[in-house]
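This report refers to the structure that appears directly beneath it.
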Amino acid sequence: MKRLSVEFNVLAMACGLYLVVSIACSILLTLVWQLNLDVTNQNYQALAQQAEQSPFIIIGSAIIGVFTTMLTAAFITFRAKRHGLQLVYFTGLLILYGVLSIVLHPEASMLINVLKVLSPAPLCYFGYLIATQYQQKKQMPSLAAE
């Protein structure tokens, strides 16, 4: 059996990182949101409908998406030798994920649906920029010491 390339392994780890961090942060967001609610007499459907309309959940979910996308792009930049190609692959996967989300949740507003498809590219680029700036700052003291 042929071994997978290191580059594919980095992309697979990045996708796993994205999912794990997103899910963990979403669980925390939901728990914090529920602390302010009386959920004892509510059924699941009423609670789900309330969560869909909550500005706290909507804004929190967007912040989680921005944070995890940039974090994962930075991870790819640090770990992959050909990080440009891996970032393009990751961006493509996020765009497909956004399209799937639109198909599964068509009730979302048009602005949110458009952002699901258009935002991965600039967010991955910003994550890449943050990682390269960090790498350059980290190398500056070692260059000054020589």
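By convention in this document, the chains of the structure tokens carry letters A, B, ... by their order, each chain's residues are numbered from 1, and ligands are numbered from 1 in the order they are shown.
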Would you list the contacts of segment 18-28 of chain A as a tab-separated table (two decimals) with C-alpha atoms, in the first residue's frame, taking every protein, DNA or RNA residue within 8 Å and counting only C-alpha atoms, but skipping same-chain residues closer than 5 positions in sequence?
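So selection37.tsv came out as:
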chain	number	residue	atom	x	y	z
A	61	SER	CA	-20.75	31.53	15.14
A	64	ILE	CA	-15.74	31.15	15.52
A	65	GLY	CA	-15.66	30.67	11.75
A	68	THR	CA	-10.80	28.78	13.07
A	69	THR	CA	-10.25	29.57	9.39
A	72	THR	CA	-6.03	26.58	10.30
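Between Val10 of chain A and the candidates A:Phe126, A:Tyr89, A:Tyr134, A:Tyr44, the tightest atom-to-atom separation, counting only C-alpha atoms, involves A:Tyr89.
The gap separating atom CA of Met70 of chain A from atom CA of Met140 of chain A is 23.4 Å, in Å to one decimal.
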Give me every helix (DSSP H, G or I) residue in segment 33-84 of chain A, going by DSSP on the backbone, as a VMD selection string.
-> chain A and resid 33 to 35 44 to 53 55 to 79 83 to 84
Exercise: Cys124 of chain A partners within 9 Å, only C-alpha atoms, chain neighbours under 6 positions left out, as a ChimeraX atom specification = /A:69-74,87-88,90-91
May I have the residues from that selection written out with C-alpha atoms, as an mmCIF file, in the first residue's frame?
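And here's again12.cif as it stands now:
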data_model
loop_
_atom_site.group_PDB
_atom_site.id
_atom_site.type_symbol
_atom_site.label_atom_id
_atom_site.label_comp_id
_atom_site.auth_asym_id
_atom_site.auth_seq_id
_atom_site.Cartn_x
_atom_site.Cartn_y
_atom_site.Cartn_z
ATOM 1 C CA THR A 69 -10.247 29.567 9.388
ATOM 2 C CA MET A 70 -7.344 31.887 10.133
ATOM 3 C CA LEU A 71 -5.904 29.494 12.727
ATOM 4 C CA THR A 72 -6.028 26.581 10.299
ATOM 5 C CA ALA A 73 -4.485 28.635 7.481
ATOM 6 C CA ALA A 74 -1.655 29.612 9.827
ATOM 7 C CA LEU A 87 -3.950 26.731 1.262
ATOM 8 C CA VAL A 88 -5.671 26.694 -2.130
ATOM 9 C CA PHE A 90 -8.122 24.138 2.036
ATOM 10 C CA THR A 91 -9.845 27.253 0.693
#
To one decimal place, how far is atom CA of Glu107 of chain A from atom CA of Cys15 of chain A in Å?
-> 26.3 Å
Name all residues at most 9 Å from Lys116 of chain A (count only C-alpha atoms; drop same-chain ones fewer than 6 positions away) and give them as number ranges by chain.
-> A: 94-95, 97-99, 101-102
Which one is closest to Tyr125 of chain A: A:Leu31, A:Leu100, A:Ile57, A:Val66? Count only C-alpha atoms.
-> A:Val66
Residue contacts of segment 78-81 of chain A (10 Å, only C-alpha atoms) excluding same-chain residues fewer than 6 positions away, as a PyMOL selection string = chain A and resi 6-11+13-14+72+87+128+131-132+134-135
Excluding Ala51 of chain A and residues on its chain fewer than 6 positions from it, collect all residues at most 9 Å away from it, counting only C-alpha atoms, and give them as number ranges by chain.
-> A: 30, 33, 57-58
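A straight line drawn from atom CA of Leu115 of chain A to atom CA of Pro55 of chain A is 16.8 Å long.
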